[in-house]
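Below is one structure; the comments refer to it alone.
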Amino acid sequence: MTTEARTDPGRYQPADIEARWRERWDRDGIYRVADHVEGRPNRYHLTMLPYPSGDLHVGHWWAMAPSDALARFYRMRGYNVMFPMGFDSFGLPAENAAIKGGRHPRDWTDANVERMRGQLRAMGAMFDWDREVDSSQPEYYRWTQWWFLQLFNRDLAYRKKAFANWCPSCNTTLANEQVVDGRCERCDTEVIQREMEQWFFRTTRYAEELLDNHDLDWPEHVKVMQRNWIGRSQGAEFTMQVQGRDDAAFRVYTTRPDTAFGMTFAVLAPEHPLVEAITAPEQRAAVQEFVERVRRTTEIERLSTEGPAEKRGVFTGAYAINPFNQQPVPIYLADYVLTSYGTGAIMAVPGQDERDWDFAQAYGLPIVRTVQPPEDFEGDAYMGDGPAINSQWLDGLHKAEAIERAVEWLEKQGIGERKVNYRLRDWLISRQRYWGAPIPIVHCERCGAVPVPEDQLPVELPYDVEFLPTGQSPLALSEEFVNVACPQCGGPGKRETDTMDTFMCSSWYFMRYADPHNDQAPISSESAEAWLPVDQYTGGSEHATMHLLYARFFYKAARDMGLVPGDEPFTRYFSQGQILGPDGRRMSKSRGNVVAPDGQVQRWGTDTFRAYLMFLGPWDQGGPYDVEGIVGVHRWLSRLWTAVTDPPALSERPEDAPDLLATAHAVLKKVGEDYDHKHFNTAIAAMMELTNALQRLRDQGQVDRASWEEAVRLLLLMAAPAVPHITEELWARVGGGYSIHQQPWPAFDPSLIARDVVEVVAQVNGKVRARIMVAPDASEEAARHAAMEDEHLSSLVAGKELVRVVYVPGRLLNFVVK
RNA sequence: GCCGGGGUGGCGAAAUCGGCAGACGCAGCGCACUCAAAAUGCGCCGGGCGUGAGUCCAUGCGGGUUCGAGUCCCGCCCCCGGCACCA
């Protein structure tokens, strides 16, 4: 083959080889992965699965190609690596497309999946397609429903009437996590509050454990985001009596019980259940008007700090008794107090809280300081530490101790206690849309909400449905779907018509890959033991507080059911940065800065495109896609091609390839370390250097055969994870056995890397003045001697007082002179 | 406002432990090959002064520690991402 190639080397034409090798790999099933392989420990690599929008974009390649290289690297390192792929195929776009274009979501989705599967295959990744999951298929969502039932049975799924985030454009409720700055995460429409019966998952039950993520091998910023989102706060809760009303009392939550003597008013959330009962007749009209207005405002307006403060609250006409000093304080309603946090009611201490301060100013309420601010304090409310004042038996105590005393006092009085609160809310999973997994519940007048028996799953989505965006689930319009016998009493029942948030599907998909065809259970215990948890997860950090948090919740619940090993779903997680358009902005059709991967692949080939994405810059940073730069990577692969297919005349004299083996092994060492640390850009750069070294030798004429062949062999092996096609082709041409992707990762030879002489920098007062060649372990004596032979340097030292000499063997020699 | 990540040539970047700043690549310039172009190869490529050897300046800004700082410390500025009435 080599001889043949020399006579007609041919140019590097990726189109000629890439599809051919993919077909071969496919045919031979070299990426099919068994649950157990003798002598090869299992390792689970995973990259986030795409939504089948119908077109794979650069972002997918950017996320997946390096993940694939990493998985391949570990495979070569001797692991039995599972690297699966699938489709998160439920969700709004399919339904919106159906409404707009008259195409059924099922057909739209299936066509997109088909197309994207083809695009993903063209990536040349080692995906094991036998394990593909497709979350909108009944075989999959049957188990999504099964999970719902397990959560229901464990009281982790419940239904309640509550104010929920409602997106008027998507016509559905949203989880807290899906509301960004008061807007729908998906369509940017302002979200309003609507009171509805909704299903929730009790994520808060695991709040404490979810918070404890310190030991996870995850990017710090993602862990911090999760901790902030969960937002643990420690304080106290206590009861306040409404003045003159033995039947009316409410609870307040505070993190600062030490400041209670400074309470000058109390505030209830406008939605607080007590509002009606305590409002004084003369305030009724004003209160009603205020409550109505708050209910109508969007989240954005409500959270806005702009606008007249006077409109933010209203006096109820009632008073509450501050239990600490028995003083009556007026009870207000204010939009800044939320029903969904704490008790929906607060004690207001303007002296120590900014929001209370602003409110007190606006309504002319008194302000009492209970913590002595430092002399140079210039602000309004003082939140820092200091001795308590105006607080009777707390006076003089500092914050921590005063809080402690106040809580003890509350407990002794029997009116309050220590309390931990979380910002995290339970996960609202009901969606009033069609294209999702139906919630497997039947509502029966006699029995209430009855779970569908497991053997009747899946509750299938009816195909024949009207997609009217009414704000009610389209399923509700299907008589056939809705009317059903109660599984418990056999009487007339009605199916739940809401479907589940698609994040439910992605909360457990990684489990299914381990056992994708099991029709008895979502995953067998053997498969779970074999593969879980995921060893290396990669994907965007925009999922920090959604998918990545939900999946952790889910896994912990599954663990408590005895279904999965360990406590965490993703042992290691790495978030790549974001790839931007050439203009440095987010790629989007409206900006016209979208780079189509198919076009890049067509023009340059899969390997070039893959390697270029890895070469662009540090993977965790992201950045603009520079359309010009890719040619450099293509040139690299062309040089590699030429060097291998058209080698120089080979001799049998090692001196005909000085340093080649040293370079090859040094590069091998570096590339292995770089892959391991996901520094793909520098790994590619190092391989370019080795290729350049080959190129230079080649132009010189005679090259030692053994060195040349070894260097080529190593270069192909180390490049294989990054550029799987060209390396397979060249590997075959140099007579390597099929397949290069089943070869072990070569070990570098440290003795070859070590050099006899190295360049050491000679400095005078820290400035480089000469370079000397000495042995890496040369004595200081010898190095100084060598340096002094340099005329320029010795002239700079001569006649000066030598204060000190710093010698770092193999690095530098510094003469400090005066 | 709070939390996290950044700021290095014309551009993307590198410098693993405090030790040669700019590896690798893009663009640019010059040259070879060519009728020509493409492709390919070779050379140059942070700035100033100098014919040159060399030398001075230079990693957002200002200080500091050190024989030596892109890297460590203190104080600022700017960009990106996240959170933001959570009592």
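How things are named: the first chain in the structure tokens is A, the next is B, and so on; residues count from 1 in each chain; ligands count from 1 in the order shown.
Proximity to G12 of chain B at 8 Å, evaluated using only C-alpha atoms (C1' of nucleotides) and with sequence-adjacent residues fewer than 6 positions away removed, yields Leu616, Gly617 and Asp626 of chain A; G25 and C26 of chain B.
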Output of the above residues as a PDB file, in the first residue's frame, restricted to N, CA and C atoms (P, O5', C5', C4', C3', O3' and C1' of nucleotides):
```
ATOM      1  N   LEU A 616     -10.056  25.750  18.456  1.00  0.00           N
ATOM      2  CA  LEU A 616     -10.448  27.164  18.565  1.00  0.00           C
ATOM      3  C   LEU A 616      -9.973  27.862  19.831  1.00  0.00           C
ATOM      4  N   GLY A 617     -10.039  27.173  20.928  1.00  0.00           N
ATOM      5  CA  GLY A 617      -9.686  27.795  22.193  1.00  0.00           C
ATOM      6  C   GLY A 617     -10.056  26.860  23.320  1.00  0.00           C
ATOM      7  N   ASP A 626     -14.624  31.487  14.121  1.00  0.00           N
ATOM      8  CA  ASP A 626     -13.957  32.234  13.063  1.00  0.00           C
ATOM      9  C   ASP A 626     -13.926  31.376  11.797  1.00  0.00           C
TER      10      ASP A 626
ATOM     11  P     G B  25       1.585  25.682  13.107  1.00  0.00           P
ATOM     12  O5'   G B  25       0.252  26.541  12.975  1.00  0.00           O
ATOM     13  C5'   G B  25      -0.929  25.959  12.472  1.00  0.00           C
ATOM     14  C4'   G B  25      -2.131  26.827  12.717  1.00  0.00           C
ATOM     15  C3'   G B  25      -2.328  28.042  11.839  1.00  0.00           C
ATOM     16  O3'   G B  25      -2.727  27.707  10.527  1.00  0.00           O
ATOM     17  C1'   G B  25      -2.894  28.563  14.056  1.00  0.00           C
ATOM     18  P     C B  26      -2.441  28.695   9.336  1.00  0.00           P
ATOM     19  O5'   C B  26      -3.514  29.850   9.582  1.00  0.00           O
ATOM     20  C5'   C B  26      -4.901  29.583   9.464  1.00  0.00           C
ATOM     21  C4'   C B  26      -5.704  30.831   9.746  1.00  0.00           C
ATOM     22  C3'   C B  26      -5.357  32.018   8.871  1.00  0.00           C
ATOM     23  O3'   C B  26      -5.967  31.932   7.601  1.00  0.00           O
ATOM     24  C1'   C B  26      -5.499  32.718  11.114  1.00  0.00           C
TER      25        C B  26
END
```
* When you get a sec, could you note down which chain A residues fall within 7 Å of chain B, using only C-alpha atoms (C1' of nucleotides), as a ChimeraX atom specification? => /A:221,225,253-254,303,336,341,346,355,423,616-617,628-629,632,685,761,765-766,806,811-812,816
* Mind checking which residues fall within 7 Å of Thr316 of chain A, counting only C-alpha atoms (C1' of nucleotides), ignoring those fewer than 2 positions away in the same chain, and posting them as a ChimeraX atom specification? => /A:279-280,283,287,314,318,331-333
* Do a neighbour search on C78 of chain B at 12 Å with only C-alpha atoms (C1' of nucleotides), toss out local chain neighbours closer than 4 positions, and write the hits as number ranges by chain. => B: 6-7, 60-61
* Any idea what's packed within 12 Å of C57 of chain B, counting only C-alpha atoms (C1' of nucleotides), ignoring anything in its chain fewer than 5 positions away? Could you give it as a ChimeraX atom specification? -> /B:46-49
* Using DSSP on the backbone coordinates, identify the residues of segment 340-468 of chain A assigned to helix (DSSP H, G or I); present them as number ranges by chain. => A: 350-352, 354-363, 392-394, 399-413, 454-456
* Asked: Neighbours of Thr343 of chain A within 10 Å (only C-alpha atoms (C1' of nucleotides); same-chain residues fewer than 6 positions away dropped), as a list of chain:residue names?
  -> A:Glu237, A:Phe238, A:Phe250, A:Arg251, A:Val252, A:Tyr253, A:Thr254, A:Leu268, A:Ala269, A:His272, A:Val337, A:Asn421, B:A87
Print the selection's residues with all heavy atoms to a file, as a compact mmCIF listing (two decimals), in the first residue's frame.
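Written out: again_20.txt:
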```
# COMPACT_ATOMS: atom_id res chain seq x y z
N GLU A 237 -39.28 31.26 63.38
CA GLU A 237 -40.67 31.50 63.03
C GLU A 237 -41.43 31.68 64.33
O GLU A 237 -41.17 30.96 65.29
CB GLU A 237 -41.19 30.28 62.25
CG GLU A 237 -42.38 30.58 61.36
CD GLU A 237 -42.77 29.34 60.55
OE1 GLU A 237 -42.00 28.98 59.64
OE2 GLU A 237 -43.81 28.75 60.85
N PHE A 238 -42.33 32.66 64.37
CA PHE A 238 -43.12 32.78 65.60
C PHE A 238 -44.51 33.36 65.30
O PHE A 238 -44.76 33.85 64.20
CB PHE A 238 -42.37 33.61 66.67
CG PHE A 238 -42.10 35.04 66.30
CD1 PHE A 238 -43.02 36.04 66.60
CD2 PHE A 238 -40.91 35.39 65.67
CE1 PHE A 238 -42.76 37.37 66.28
CE2 PHE A 238 -40.63 36.71 65.34
CZ PHE A 238 -41.56 37.70 65.64
N PHE A 250 -51.12 35.07 63.17
CA PHE A 250 -50.37 34.62 62.00
C PHE A 250 -48.92 34.39 62.38
O PHE A 250 -48.45 34.88 63.41
CB PHE A 250 -50.50 35.62 60.85
CG PHE A 250 -50.04 37.01 61.17
CD1 PHE A 250 -48.75 37.42 60.88
CD2 PHE A 250 -50.92 37.93 61.77
CE1 PHE A 250 -48.33 38.71 61.18
CE2 PHE A 250 -50.50 39.22 62.07
CZ PHE A 250 -49.20 39.62 61.78
N ARG A 251 -48.26 33.61 61.54
CA ARG A 251 -46.87 33.28 61.81
C ARG A 251 -45.98 34.17 60.94
O ARG A 251 -46.31 34.48 59.80
CB ARG A 251 -46.58 31.83 61.45
CG ARG A 251 -47.48 30.83 62.13
CD ARG A 251 -46.95 30.41 63.47
NE ARG A 251 -45.75 29.58 63.38
CZ ARG A 251 -45.02 29.24 64.45
NH1 ARG A 251 -45.38 29.66 65.66
NH2 ARG A 251 -43.95 28.49 64.32
N VAL A 252 -44.85 34.57 61.46
CA VAL A 252 -43.87 35.30 60.64
C VAL A 252 -42.55 34.55 60.68
O VAL A 252 -42.24 33.84 61.63
CB VAL A 252 -43.65 36.75 61.15
CG1 VAL A 252 -44.92 37.56 61.03
CG2 VAL A 252 -43.12 36.76 62.57
N TYR A 253 -41.79 34.73 59.60
CA TYR A 253 -40.45 34.15 59.55
C TYR A 253 -39.44 35.26 59.47
O TYR A 253 -39.64 36.24 58.74
CB TYR A 253 -40.30 33.25 58.31
CG TYR A 253 -38.89 32.76 58.10
CD1 TYR A 253 -38.35 31.79 58.92
CD2 TYR A 253 -38.10 33.30 57.08
CE1 TYR A 253 -37.05 31.36 58.74
CE2 TYR A 253 -36.79 32.88 56.90
CZ TYR A 253 -36.26 31.90 57.73
OH TYR A 253 -34.97 31.48 57.56
N THR A 254 -38.37 35.12 60.22
CA THR A 254 -37.32 36.13 60.18
C THR A 254 -35.96 35.48 60.39
O THR A 254 -35.84 34.48 61.08
CB THR A 254 -37.53 37.21 61.25
OG1 THR A 254 -36.43 38.13 61.19
CG2 THR A 254 -37.58 36.61 62.65
N LEU A 268 -48.34 41.42 55.63
CA LEU A 268 -48.83 40.17 55.07
C LEU A 268 -48.73 40.25 53.55
O LEU A 268 -48.86 41.33 52.98
CB LEU A 268 -50.31 39.93 55.43
CG LEU A 268 -50.71 39.89 56.89
CD1 LEU A 268 -52.20 39.55 57.00
CD2 LEU A 268 -49.88 38.89 57.68
N ALA A 269 -48.52 39.11 52.93
CA ALA A 269 -48.60 39.05 51.47
C ALA A 269 -50.04 39.32 51.07
O ALA A 269 -50.96 38.96 51.80
CB ALA A 269 -48.16 37.69 50.97
N HIS A 272 -52.36 36.50 51.38
CA HIS A 272 -52.41 35.81 52.67
C HIS A 272 -53.86 35.48 53.05
O HIS A 272 -54.74 36.32 52.93
CB HIS A 272 -51.76 36.69 53.74
CG HIS A 272 -51.39 35.96 54.99
ND1 HIS A 272 -52.33 35.56 55.91
CD2 HIS A 272 -50.19 35.52 55.47
CE1 HIS A 272 -51.71 34.92 56.91
NE2 HIS A 272 -50.41 34.88 56.65
N VAL A 337 -43.88 41.24 49.87
CA VAL A 337 -43.94 40.01 50.66
C VAL A 337 -44.64 38.93 49.83
O VAL A 337 -45.73 39.15 49.30
CB VAL A 337 -44.65 40.25 52.00
CG1 VAL A 337 -44.83 38.94 52.75
CG2 VAL A 337 -43.84 41.23 52.84
N ASN A 421 -35.35 27.90 56.12
CA ASN A 421 -36.17 28.07 54.92
C ASN A 421 -35.30 27.99 53.67
O ASN A 421 -34.10 28.26 53.73
CB ASN A 421 -36.88 29.42 54.93
CG ASN A 421 -38.31 29.29 55.40
OD1 ASN A 421 -39.00 28.35 55.01
ND2 ASN A 421 -38.76 30.21 56.23
P A B 87 -33.98 35.19 53.25
OP1 A B 87 -32.60 35.40 52.84
OP2 A B 87 -34.33 34.00 53.99
O5' A B 87 -34.39 36.47 54.07
C5' A B 87 -35.04 36.31 55.27
C4' A B 87 -35.68 37.59 55.68
O4' A B 87 -36.50 38.10 54.60
C3' A B 87 -36.64 37.44 56.85
O3' A B 87 -35.97 37.50 58.09
C2' A B 87 -37.62 38.57 56.65
O2' A B 87 -37.08 39.77 57.12
C1' A B 87 -37.72 38.61 55.14
N9 A B 87 -38.85 37.79 54.64
C8 A B 87 -39.40 36.68 55.17
N7 A B 87 -40.39 36.18 54.48
C5 A B 87 -40.48 37.04 53.41
C6 A B 87 -41.34 37.06 52.30
N6 A B 87 -42.30 36.17 52.12
N1 A B 87 -41.17 38.04 51.41
C2 A B 87 -40.20 38.93 51.62
N3 A B 87 -39.34 39.02 52.62
C4 A B 87 -39.53 38.03 53.48
```
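Nearest-residue note for Ser575 of chain A: choosing from A:Gly622, A:Pro654, A:Gly605, A:Gly78, the minimum distance belongs to A:Gly622, counting only C-alpha atoms.
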* Do you have the atom CA of Ala348 of chain A-atom CA of Gly364 of chain A distance handy? -> 13.5 Å
* To do: as a count of residues only, list the residues of segment 765-817 of chain A assigned to strand (DSSP E) by DSSP on the backbone atoms of this structure.
  => 21
* Which value, in Å to one decimal, gives the distance between atom CA of Leu694 of chain A and atom CA of Asp756 of chain A? -> 21.6 Å
* **For G18 of chain B: contacts at 8 Å, only C-alpha atoms (C1' of nucleotides), fewer than 4 positions along chain excluded, given as an NGL selection string** => :B and (68-69 or 71-72)
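The coordinates place atom CA of Val371 of chain A at 8.0 Å from atom CA of Gly351 of chain A.
With only C-alpha atoms as the atoms that count, the residue of A:Glu197, A:His104, A:Asp699, A:Ala34 with the shortest distance to Thr642 of chain A is A:Asp699.
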